[in-house]
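> Below is the file data06.txt, with compact mmCIF, C-alpha atoms.
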```txt
# COMPACT_ATOMS: atom_id res chain seq x y z
CA MET S 1376 -80.05 -69.53 -81.63
CA ALA S 1377 -79.39 -70.83 -85.09
CA SER S 1378 -76.88 -68.09 -85.78
CA ILE S 1379 -75.02 -68.87 -82.49
CA THR S 1380 -74.83 -72.53 -83.43
CA HIS S 1381 -73.70 -71.56 -86.86
CA ALA S 1382 -71.00 -69.29 -85.43
CA ALA S 1383 -69.80 -72.00 -83.03
CA LEU S 1384 -69.65 -74.50 -85.85
CA THR S 1385 -67.71 -72.07 -87.98
CA ALA S 1386 -65.24 -71.56 -85.13
CA VAL S 1387 -64.79 -75.30 -84.63
CA LEU S 1388 -64.27 -75.81 -88.34
CA LEU S 1389 -61.77 -72.98 -88.39
CA VAL S 1390 -59.80 -74.50 -85.50
CA VAL S 1391 -59.89 -77.93 -87.13
CA ALA S 1392 -58.65 -76.37 -90.35
CA LEU S 1393 -55.89 -74.39 -88.68
CA VAL S 1394 -54.43 -77.14 -86.50
CA PRO S 1395 -52.84 -79.14 -89.32
CA LEU S 1396 -51.89 -75.89 -91.02
CA ARG S 1397 -49.98 -74.72 -87.92
CA GLY S 1398 -48.24 -78.07 -87.71
CA ALA S 1399 -47.21 -77.78 -91.33
CA THR S 1400 -45.86 -74.27 -90.79
CA ASP S 1401 -43.75 -75.35 -87.79
CA SER S 1402 -42.43 -78.29 -89.68
CA THR S 1403 -41.54 -76.14 -92.68
CA SER S 1404 -39.84 -73.56 -90.46
CA LEU S 1405 -37.69 -76.21 -88.83
CA GLU S 1406 -36.77 -77.63 -92.21
CA THR S 1407 -35.96 -74.18 -93.52
CA TYR S 1408 -33.85 -73.44 -90.47
CA GLU S 1409 -32.01 -76.74 -90.80
CA ALA S 1410 -31.34 -75.91 -94.44
CA LEU S 1411 -29.96 -72.57 -93.31
CA LEU S 1412 -27.64 -74.32 -90.85
CA THR S 1413 -26.45 -76.65 -93.58
CA ARG S 1414 -25.86 -73.67 -95.84
CA TYR S 1415 -23.82 -72.04 -93.10
CA ALA S 1416 -21.82 -75.19 -92.41
CA SER S 1417 -21.03 -75.55 -96.10
CA GLY S 1418 -19.24 -72.20 -96.02
CA ASP S 1419 -21.85 -69.64 -97.07
CA TYR S 1420 -21.46 -67.71 -93.81
CA GLU S 1421 -22.57 -64.39 -95.25
CA GLY S 1422 -25.69 -65.64 -97.02
CA ALA S 1423 -26.84 -67.84 -94.16
CA ALA S 1424 -26.26 -65.15 -91.54
CA GLU S 1425 -28.12 -62.57 -93.64
CA ALA S 1426 -31.09 -64.93 -93.93
CA ALA S 1427 -30.97 -65.68 -90.19
CA ALA S 1428 -30.83 -61.97 -89.41
CA ALA S 1429 -34.11 -61.54 -91.29
CA MET S 1430 -35.86 -63.92 -88.84
CA THR S 1431 -37.33 -62.50 -85.65
CA ALA S 1432 -35.98 -63.65 -82.29
CA ASP S 1433 -39.31 -65.33 -81.52
CA GLU S 1434 -39.19 -67.24 -84.78
CA VAL S 1435 -35.73 -68.54 -83.95
CA ARG S 1436 -36.73 -69.50 -80.40
CA SER S 1437 -39.76 -71.32 -81.67
CA VAL S 1438 -37.80 -73.28 -84.27
CA VAL S 1439 -35.01 -74.20 -81.86
CA ALA S 1440 -37.54 -75.22 -79.21
CA ALA S 1441 -39.28 -77.41 -81.79
CA ALA S 1442 -36.00 -79.05 -82.70
CA VAL S 1443 -35.08 -79.66 -79.08
CA HIS S 1444 -38.54 -81.04 -78.35
CA GLU S 1445 -38.29 -83.39 -81.31
CA ALA S 1446 -34.89 -84.60 -80.17
CA GLU S 1447 -36.17 -85.12 -76.64
CA GLN S 1448 -39.04 -87.20 -77.91
CA GLN S 1449 -36.60 -89.37 -79.77
CA ARG S 1450 -34.35 -89.69 -76.76
CA ILE S 1451 -37.22 -90.75 -74.51
CA GLN S 1452 -37.55 -93.76 -76.73
CA ARG S 1453 -33.86 -94.49 -76.58
CA ARG S 1454 -34.32 -97.75 -74.73
CA SER S 1455 -35.71 -99.20 -77.92
CA LEU S 1456 -32.87 -97.73 -79.96
CA GLY S 1457 -29.51 -99.30 -80.46
CA ALA S 1458 -26.34 -97.61 -79.23
CA GLU S 1459 -25.44 -96.61 -82.76
CA GLU S 1460 -28.78 -94.92 -83.36
CA THR S 1461 -28.60 -93.18 -79.99
CA ASP S 1462 -25.17 -91.81 -80.85
CA ARG S 1463 -26.39 -90.68 -84.23
CA LEU S 1464 -29.31 -88.77 -82.70
CA ARG S 1465 -27.07 -87.22 -80.11
CA ALA S 1466 -24.56 -86.09 -82.72
CA LYS S 1467 -27.38 -84.66 -84.84
CA GLU S 1468 -28.76 -82.64 -81.95
CA LEU S 1469 -25.33 -81.44 -80.90
CA ARG S 1470 -24.60 -80.35 -84.47
CA PHE S 1471 -27.90 -78.51 -84.66
CA LEU S 1472 -27.29 -76.62 -81.41
CA VAL S 1473 -23.67 -75.69 -82.17
CA ARG S 1474 -24.48 -74.50 -85.68
CA SER S 1475 -27.43 -72.54 -84.35
CA VAL S 1476 -25.16 -70.73 -81.86
CA LEU S 1477 -22.73 -69.93 -84.67
CA LEU S 1478 -25.45 -68.74 -87.03
CA GLN S 1479 -27.13 -66.51 -84.45
CA THR S 1480 -23.76 -65.08 -83.37
CA GLU S 1481 -22.95 -64.11 -86.95
CA ALA S 1482 -26.50 -62.86 -87.51
CA ALA S 1483 -25.91 -60.46 -84.60
CA THR S 1484 -23.24 -58.73 -86.66
CA ARG S 1485 -25.75 -58.14 -89.45
CA VAL S 1486 -28.75 -56.72 -87.64
CA SER S 1487 -29.42 -53.08 -86.82
CA ARG S 1488 -27.81 -51.70 -83.70
CA ASP S 1489 -31.04 -51.79 -81.69
CA ARG S 1490 -31.44 -55.52 -82.39
CA PHE S 1491 -27.81 -56.44 -81.80
CA ILE S 1492 -28.02 -57.21 -78.08
CA GLU S 1493 -31.23 -59.18 -78.52
CA ARG S 1494 -29.62 -61.28 -81.22
CA LEU S 1495 -26.46 -61.87 -79.23
CA SER S 1496 -28.60 -62.90 -76.25
CA LEU S 1497 -30.32 -65.37 -78.52
CA ALA S 1498 -26.95 -66.90 -79.38
CA ARG S 1499 -26.17 -67.10 -75.66
CA GLU S 1500 -29.48 -68.87 -75.02
CA GLY S 1501 -28.35 -71.39 -77.59
CA LEU S 1502 -25.08 -71.82 -75.73
CA LEU S 1503 -26.97 -72.47 -72.49
CA ARG S 1504 -29.07 -75.07 -74.28
CA LEU S 1505 -25.83 -76.62 -75.39
CA TRP S 1506 -24.61 -76.79 -71.78
CA ASP S 1507 -27.89 -78.35 -70.71
CA PHE S 1508 -27.71 -80.81 -73.56
CA GLU S 1509 -24.17 -81.80 -72.60
CA GLN S 1510 -25.24 -82.13 -69.00
CA ALA S 1511 -28.24 -84.27 -69.88
CA SER S 1512 -26.19 -86.46 -72.18
CA HIS S 1513 -23.98 -87.51 -69.31
CA MET S 1514 -26.88 -88.46 -67.03
CA PRO S 1515 -28.07 -92.00 -66.47
CA PRO S 1516 -31.31 -93.08 -68.21
CA ALA S 1517 -34.54 -91.87 -66.61
CA ASP S 1518 -35.82 -95.33 -65.78
CA ASP S 1519 -33.09 -96.41 -63.37
CA GLY S 1520 -34.41 -94.37 -60.46
CA ALA S 1521 -31.95 -91.53 -60.90
CA PRO S 1522 -33.11 -88.16 -62.17
CA GLY S 1523 -32.80 -88.20 -65.91
CA LEU S 1524 -33.83 -86.22 -68.91
CA LEU S 1525 -37.53 -86.42 -68.19
CA TYR S 1526 -37.02 -84.69 -64.88
CA ALA S 1527 -34.76 -82.06 -66.42
CA PRO S 1528 -33.20 -81.13 -63.06
CA ALA S 1529 -33.45 -77.42 -62.45
CA PRO S 1530 -29.99 -77.17 -60.84
CA ALA S 1531 -28.40 -78.18 -64.15
CA ARG S 1532 -26.87 -74.75 -64.37
CA VAL S 1533 -25.49 -74.96 -60.84
CA THR S 1534 -23.98 -78.32 -61.63
CA LYS S 1535 -22.53 -76.85 -64.78
CA ARG S 1536 -20.86 -74.09 -62.80
CA SER S 1537 -19.25 -76.53 -60.39
CA TRP S 1538 -18.09 -78.59 -63.33
CA LEU S 1539 -16.46 -75.50 -64.81
CA LYS S 1540 -14.75 -74.62 -61.58
CA GLY S 1541 -12.45 -77.57 -62.07
CA ALA S 1542 -11.64 -76.57 -65.62
CA ARG S 1543 -8.08 -75.57 -66.36
CA TRP S 1544 -7.53 -73.44 -69.40
CA PRO S 1545 -3.82 -72.81 -69.97
CA PRO S 1546 -2.74 -76.04 -71.76
CA SER S 1547 -4.68 -75.45 -74.96
CA ARG S 1548 -4.04 -71.72 -74.92
CA CYS S 1549 -0.73 -72.28 -76.69
CA SER S 1550 -2.57 -73.31 -79.82
CA ARG S 1551 -4.55 -70.10 -79.97
CA GLY S 1552 -3.38 -67.13 -81.98
CA ASN S 1553 -2.20 -63.90 -80.51
CA GLY S 1554 -3.12 -61.79 -83.46
CA THR S 1555 0.32 -61.95 -84.98
CA MET E 941 -10.24 -79.68 -71.81
CA ALA E 942 -13.59 -80.82 -73.18
CA PRO E 943 -14.25 -79.39 -76.65
CA LEU E 944 -17.54 -77.87 -75.53
CA GLN E 945 -15.71 -75.88 -72.86
CA VAL E 946 -13.30 -74.59 -75.48
CA PHE E 947 -16.17 -73.66 -77.78
CA ALA E 948 -18.00 -71.91 -74.95
CA TRP E 949 -14.87 -70.03 -73.95
CA GLN E 950 -14.23 -68.97 -77.56
CA TRP E 951 -17.84 -67.85 -77.87
CA HIS E 952 -17.56 -65.64 -74.78
CA VAL E 953 -14.34 -64.04 -75.98
CA THR E 954 -15.80 -63.46 -79.45
CA ALA E 955 -19.06 -62.04 -78.10
CA ALA E 956 -17.12 -59.71 -75.78
CA THR E 957 -15.20 -58.44 -78.81
CA MET E 958 -18.44 -57.87 -80.68
CA LEU E 959 -19.76 -55.85 -77.74
CA GLN E 960 -16.54 -53.81 -77.72
CA ALA E 961 -16.85 -53.20 -81.46
CA THR E 962 -20.33 -51.74 -81.05
CA HIS E 963 -19.40 -49.64 -77.99
CA SER E 964 -22.02 -51.55 -75.97
CA PHE E 965 -20.25 -50.74 -72.72
CA VAL E 966 -23.09 -51.28 -70.23
CA PRO E 967 -24.03 -54.77 -71.45
CA LEU E 968 -20.33 -55.54 -71.88
CA GLU E 969 -19.64 -54.88 -68.21
CA THR E 970 -22.37 -57.31 -67.13
CA PHE E 971 -21.35 -59.81 -69.76
CA LEU E 972 -17.70 -59.82 -68.69
CA GLY E 973 -18.69 -60.14 -65.02
CA ASP E 974 -20.68 -63.28 -65.84
CA ALA E 975 -18.02 -64.64 -68.18
CA LEU E 976 -15.27 -64.20 -65.59
CA ARG E 977 -17.34 -66.12 -63.06
CA GLU E 978 -17.50 -68.97 -65.56
CA PHE E 979 -13.91 -68.73 -66.79
CA ARG E 980 -12.13 -67.44 -63.74
CA GLY E 981 -8.82 -65.72 -64.30
CA ASP E 982 -9.02 -66.03 -68.07
CA PRO E 983 -6.44 -63.60 -69.49
CA ASP E 984 -8.41 -62.62 -72.60
CA LEU E 985 -11.50 -61.79 -70.58
CA LEU E 986 -9.40 -59.88 -68.04
CA LEU E 987 -7.82 -57.97 -70.92
CA ALA E 988 -11.29 -57.11 -72.22
CA ARG E 989 -12.46 -55.93 -68.79
CA GLY E 990 -9.31 -53.88 -68.26
CA SER E 991 -9.74 -52.33 -71.70
CA LEU E 992 -13.30 -51.36 -70.79
CA ASP E 993 -12.14 -49.62 -67.60
CA GLU E 994 -9.29 -47.94 -69.47
CA THR E 995 -11.66 -46.60 -72.13
CA ARG E 996 -14.18 -45.43 -69.54
CA ALA E 997 -11.43 -43.66 -67.62
CA GLY E 998 -10.40 -41.97 -70.87
CA VAL E 999 -13.94 -40.72 -71.41
CA ASP E 1000 -14.16 -39.49 -67.81
CA VAL E 1001 -11.06 -37.30 -68.08
CA ILE E 1002 -10.45 -36.18 -71.65
CA ASP E 1003 -7.39 -34.04 -70.91
CA ALA E 1004 -5.44 -35.18 -67.86
CA SER E 1005 -3.25 -32.07 -67.97
CA VAL E 1006 -6.14 -29.87 -66.80
CA ALA E 1007 -7.81 -32.47 -64.56
CA ARG E 1008 -6.57 -30.81 -61.36
CA ASP E 1009 -8.17 -27.52 -62.36
CA ILE E 1010 -11.53 -28.60 -63.72
CA TYR E 1011 -12.53 -31.80 -61.88
CA THR E 1012 -13.53 -32.40 -58.27
CA ASP E 1013 -11.44 -34.62 -55.99
CA LEU E 1014 -14.21 -37.18 -56.09
CA HIS E 1015 -14.14 -37.27 -59.88
CA ARG E 1016 -10.35 -37.54 -60.02
CA ASN E 1017 -10.33 -40.30 -57.40
CA ARG E 1018 -12.89 -42.28 -59.35
CA HIS E 1019 -10.82 -41.83 -62.49
CA ARG E 1020 -7.72 -43.07 -60.69
CA ALA E 1021 -9.59 -46.04 -59.24
CA GLN E 1022 -10.70 -47.02 -62.76
CA LEU E 1023 -7.14 -46.87 -64.02
CA LEU E 1024 -5.90 -48.92 -61.05
CA GLN E 1025 -8.60 -51.51 -61.66
CA ALA E 1026 -7.57 -51.71 -65.31
CA ALA E 1027 -3.91 -52.07 -64.33
CA SER E 1028 -4.83 -54.86 -61.93
CA ASP E 1029 -6.69 -56.77 -64.68
CA PHE E 1030 -3.84 -56.31 -67.16
CA GLY E 1031 -1.31 -57.43 -64.55
CA GLN E 1032 -3.33 -60.57 -63.78
CA ALA E 1033 -3.71 -61.30 -67.49
CA ILE E 1034 0.05 -61.05 -67.97
CA ARG E 1035 0.71 -63.37 -65.04
CA GLN E 1036 -1.60 -65.92 -66.67
CA GLU E 1037 -0.24 -65.44 -70.17
CA PRO E 1038 3.04 -63.52 -70.40
CA THR E 1039 2.92 -63.41 -74.22
CA LEU E 1040 -0.37 -61.56 -74.30
CA TYR E 1041 1.43 -58.50 -75.63
CA GLU E 1042 -1.61 -56.26 -75.80
CA ALA E 1043 -1.94 -56.56 -72.02
CA HIS E 1044 1.66 -55.26 -71.64
CA LEU E 1045 0.82 -52.41 -74.01
CA ARG E 1046 -2.31 -51.37 -72.14
CA LEU E 1047 -0.65 -51.79 -68.76
CA GLY E 1048 2.09 -49.45 -69.97
CA ARG E 1049 -0.40 -46.83 -71.11
CA VAL E 1050 -2.38 -47.02 -67.87
CA ARG E 1051 0.81 -46.73 -65.81
CA PHE E 1052 1.67 -43.65 -67.88
CA LEU E 1053 -1.76 -42.13 -67.19
CA LEU E 1054 -1.21 -42.83 -63.49
CA GLY E 1055 2.05 -40.89 -63.69
CA GLU E 1056 4.25 -43.97 -63.12
CA HIS E 1057 6.63 -43.31 -65.99
CA ARG E 1058 9.35 -45.82 -65.14
CA ARG E 1059 6.91 -48.70 -64.76
CA ALA E 1060 5.10 -47.54 -67.90
CA GLU E 1061 8.33 -47.72 -69.89
CA GLU E 1062 9.03 -51.22 -68.55
CA ALA E 1063 5.64 -52.52 -69.63
CA LEU E 1064 5.83 -50.82 -73.02
CA ARG E 1065 9.29 -52.24 -73.64
CA ALA E 1066 7.82 -55.71 -73.04
CA ALA E 1067 5.23 -54.94 -75.72
CA SER E 1068 7.88 -53.85 -78.24
CA VAL E 1069 9.44 -57.25 -78.84
CA PRO E 1070 9.59 -58.69 -82.38
CA GLY E 1071 7.07 -61.42 -81.53
CA ALA E 1072 4.35 -58.91 -80.70
CA PRO E 1073 1.69 -58.09 -83.32
CA LEU E 1074 2.36 -55.05 -85.54
CA LEU E 1075 -0.47 -53.09 -83.95
CA VAL E 1076 0.98 -53.61 -80.50
CA ARG E 1077 4.53 -52.69 -81.53
CA TYR E 1078 3.28 -49.59 -83.33
CA LEU E 1079 1.21 -48.33 -80.40
CA ALA E 1080 3.98 -49.21 -77.95
CA ALA E 1081 6.30 -46.92 -79.92
CA VAL E 1082 3.72 -44.11 -79.81
CA PHE E 1083 3.16 -44.52 -76.07
CA ARG E 1084 6.91 -44.72 -75.37
CA GLY E 1085 7.14 -41.42 -77.23
CA ASN E 1086 4.49 -40.04 -74.86
CA VAL E 1087 6.45 -41.27 -71.82
CA ALA E 1088 9.70 -39.79 -73.11
CA GLU E 1089 7.96 -36.47 -73.78
CA ALA E 1090 6.59 -36.45 -70.23
CA ARG E 1091 10.14 -37.02 -69.01
CA ARG E 1092 11.22 -34.09 -71.22
CA ASP E 1093 13.50 -36.37 -73.22
CA GLU E 1094 12.79 -34.91 -76.64
CA ALA E 1095 15.39 -36.88 -78.59
CA THR E 1096 14.11 -40.21 -77.33
CA ALA E 1097 10.50 -39.18 -77.92
CA ARG E 1098 11.29 -38.24 -81.52
CA ARG E 1099 13.07 -41.56 -82.03
CA HIS E 1100 10.02 -43.48 -80.78
CA TYR E 1101 7.61 -41.53 -83.00
CA GLU E 1102 9.85 -42.11 -86.02
CA ARG E 1103 10.01 -45.78 -85.13
CA ALA E 1104 6.19 -45.82 -85.02
CA LEU E 1105 6.16 -44.34 -88.53
CA ASP E 1106 8.63 -46.97 -89.72
CA LEU E 1107 6.18 -49.60 -88.56
CA LEU E 1108 3.09 -47.89 -89.97
CA PRO E 1109 4.02 -45.20 -92.50
CA GLY E 1110 0.44 -43.97 -92.98
CA ALA E 1111 -0.25 -43.46 -89.29
CA GLN E 1112 -1.46 -40.01 -88.27
CA ALA E 1113 -0.78 -39.98 -84.52
CA PRO E 1114 3.05 -39.94 -84.65
CA MET E 1115 2.96 -37.26 -87.35
CA LEU E 1116 0.82 -35.05 -85.12
CA ALA E 1117 3.12 -35.74 -82.18
CA LEU E 1118 6.18 -34.79 -84.23
CA SER E 1119 4.41 -31.65 -85.49
CA ARG E 1120 3.60 -30.64 -81.92
CA MET E 1121 7.19 -31.21 -80.81
CA CYS E 1122 8.48 -29.08 -83.68
CA ASP E 1123 6.01 -26.35 -82.75
CA ALA E 1124 7.08 -26.48 -79.09
CA ARG E 1125 10.67 -25.71 -80.00
CA GLY E 1126 9.62 -22.93 -82.40
CA ASP E 1127 10.32 -24.74 -85.68
CA THR E 1128 7.20 -23.66 -87.58
CA ALA E 1129 8.22 -25.09 -90.97
CA CYS E 1130 8.84 -28.52 -89.43
CA ALA E 1131 5.53 -28.34 -87.53
CA ARG E 1132 3.66 -27.42 -90.74
CA ARG E 1133 5.36 -30.20 -92.73
CA TRP E 1134 4.26 -32.93 -90.27
CA LEU E 1135 0.80 -31.42 -89.95
CA VAL E 1136 0.24 -31.42 -93.72
CA ALA E 1137 1.60 -34.97 -93.92
CA SER E 1138 -0.88 -36.07 -91.25
CA LEU E 1139 -3.78 -34.46 -93.11
CA ASN E 1140 -2.76 -36.17 -96.33
CA ALA E 1141 -2.41 -39.51 -94.57
CA VAL E 1142 -6.08 -39.91 -93.83
CA ASP E 1143 -9.40 -39.64 -95.64
CA ASP E 1144 -12.83 -41.20 -95.25
CA THR E 1145 -11.77 -44.51 -96.72
CA ARG E 1146 -8.24 -44.79 -95.38
CA ARG E 1147 -7.53 -44.86 -91.68
CA GLU E 1148 -4.46 -46.97 -91.16
CA ASP E 1149 -3.74 -45.73 -87.66
CA TYR E 1150 -4.66 -48.33 -85.02
CA TRP E 1151 -5.15 -45.49 -82.56
CA TRP E 1152 -8.60 -45.00 -84.13
CA THR E 1153 -9.78 -48.37 -82.82
CA TYR E 1154 -7.78 -48.52 -79.60
CA PRO E 1155 -10.77 -47.44 -77.43
CA ARG E 1156 -12.69 -50.41 -78.79
CA GLY E 1157 -10.51 -52.95 -77.03
CA GLN E 1158 -9.75 -56.08 -79.00
CA THR E 1159 -11.97 -55.18 -81.97
CA TRP E 1160 -8.91 -55.56 -84.20
CA ARG E 1161 -9.07 -59.32 -83.51
CA ILE E 1162 -12.75 -59.80 -84.32
CA ALA E 1163 -12.27 -61.49 -87.71
CA GLU E 1164 -9.70 -63.88 -86.25
CA ARG E 1165 -12.01 -64.73 -83.34
CA ILE E 1166 -15.06 -65.37 -85.49
CA ALA E 1167 -12.94 -67.59 -87.76
CA GLU E 1168 -11.71 -69.55 -84.74
CA LEU E 1169 -15.25 -69.92 -83.40
CA ARG E 1170 -16.35 -71.28 -86.78
CA ARG E 1171 -13.44 -73.69 -86.84
CA LEU E 1172 -14.23 -75.03 -83.38
CA GLY E 1173 -17.93 -75.35 -84.12
CA LEU E 1174 -17.72 -76.88 -87.57
CA GLU E 1175 -14.70 -79.12 -87.53
```
Render the structure in this file as structure tokens.


Amino acid sequence: MASITHAALTAVLLVVALVPLRGATDSTSLETYEALLTRYASGDYEGAAEAAAAMTADEVRSVVAAAVHEAEQQRIQRRSLGAEETDRLRAKELRFLVRSVLLQTEAATRVSRDRFIERLSLAREGLLRLWDFEQASHMPPADDGAPGLLYAPAPARVTKRSWLKGARWPPSRCSRGNGT
Amino acid sequence: MAPLQVFAWQWHVTAATMLQATHSFVPLETFLGDALREFRGDPDLLLARGSLDETRAGVDVIDASVARDIYTDLHRNRHRAQLLQAASDFGQAIRQEPTLYEAHLRLGRVRFLLGEHRRAEEALRAASVPGAPLLVRYLAAVFRGNVAEARRDEATARRHYERALDLLPGAQAPMLALSRMCDARGDTACARRWLVASLNAVDDTRREDYWWTYPRGQTWRIAERIAELRRLGLE
């Protein structure tokens, strides 16, 4: 009986000890990833993409999910934030997501052939998050009765498609190169 | 156009090019199907899909000259359907963006493979204009040489192959074509000269001929596309 109690106590202590440790690891990972994005944005494409390629897909997903969660938490409180602060948070999140898509896309060119598709899919997931973010950013606040961020409407992707249907591409095409 | 849409479009085009570069044909087919549902009628995506069909058709029938003897009707019909599908995508791409010279080039080659020599020459001529990229003008000259050969117009064929060499002096394909033409008319010394030149023109580190990468679609534009994606995302 005593040994069972002792074992249970040990388990509880272990869990208590690990919880803050896990939090610290997540936080460090996010910081490290953000530093990687900054490194990429400053022009070290090769170095940053190499480092990103060394991460596993699950690691990347976890870090990006943590960043998105953090941003969502901040946005939930946006009523108490001024317009300037709201814009700043939005720009920060947008920058994070765009840079993450870029970094993962370039990382795909630096992984082994069997990991290439997985890594490119990861970049595409980032792009879909970007769509969802854009969609959510143009929705009314959650507290005015309309579905908002908290409800994260499932048909966001359907809405996105219909939004794209109206898109017209030719005008800006002139500015793009033709490989000449 | 909203900047995010432009970024997303550029990402799709870049990713498609990366899939071409790695010969990831099965995922590329699915990817392009999805992308063309999002960006309907986009010329660059149509060009990529047409290039995929063209390459697949090329793998299906390695030597068209013996196709009638060694392949079943079913096989040949499927091959033809792939080429027609590619031609349709290239044609649509050109209608959307007439200065997409690579689409003219590939349409010309596909028309040639379909046996439509006059229409092939028309498309290839449209790809031979000064504004077209060097790669396109070079390959257009090679393919026009092929068309002229098929029409048994040896002088014109030779002129096109020589023009291709003017554009890309280290290219192997026109040298081999000229060697073969010399051999066909019994000029062994001429055939040997071009053959030796073609062997000297290439080694493990030096492959100037764009024909090497032609089956990989728009891989030749990958650096430009990644740079543009960076610019859109970071500016």

> Taking all atoms listed in the file into account, which of E:Thr1128, E:Thr1096, E:Thr1039, E:Thr957 comes nearest chain S?

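Ranking E:Thr1128, E:Thr1096, E:Thr1039, E:Thr957 by distance to chain S, first place goes to E:Thr1039.
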
> Can you pull out every residue within 12 Å of region 1486-1494 of chain S, counting only C-alpha atoms, but drop anything in the same chain fewer than 2 positions away, and send it as a PyMOL selection string?

(chain S and resi 1424-1436+1475-1484+1496-1501) or (chain E and resi 955-956+958-968+971)

> Can you list, as a list in words, every protein, DNA or RNA residue that comes within 6 Å of region 1043-1051 of chain E when you count only C-alpha atoms, leaving out same-chain residues fewer than 3 positions away?

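My list of contacting residues is Ala1027, Phe1030, Leu1040, Leu1054, Glu1056, Ala1060, Ala1063, Leu1064, Ala1067 and Ala1080 of chain E.
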
> Calculated over all atoms listed in the file, which of the candidates S:Ala1442, S:Ala1416, S:Leu1464, S:Leu1405 has the smallest distance to chain E?

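Closest to chain E of all the choices is S:Ala1416.
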
> Have a look at CA of Pro1109 (chain E) and CA of Val1087 (chain E) and let me know their distance in Å, one decimal.

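If I compute the distance from CA of Pro1109 (chain E) to CA of Val1087 (chain E), I get 21.2 Å.
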
> Show me which bits of chain E are within 7 Å of chain S, counting only C-alpha atoms, as a compact mmCIF listing (two decimals) with C-alpha atoms, in the coordinates of the input.


```
# COMPACT_ATOMS: atom_id res chain seq x y z
CA GLU E 978 -17.50 -68.97 -65.56
CA LEU E 1040 -0.37 -61.56 -74.30
CA ALA E 1072 4.35 -58.91 -80.70
CA PRO E 1073 1.69 -58.09 -83.32
CA ARG E 1161 -9.07 -59.32 -83.51
CA ARG E 1170 -16.35 -71.28 -86.78
CA GLY E 1173 -17.93 -75.35 -84.12
CA LEU E 1174 -17.72 -76.88 -87.57
```
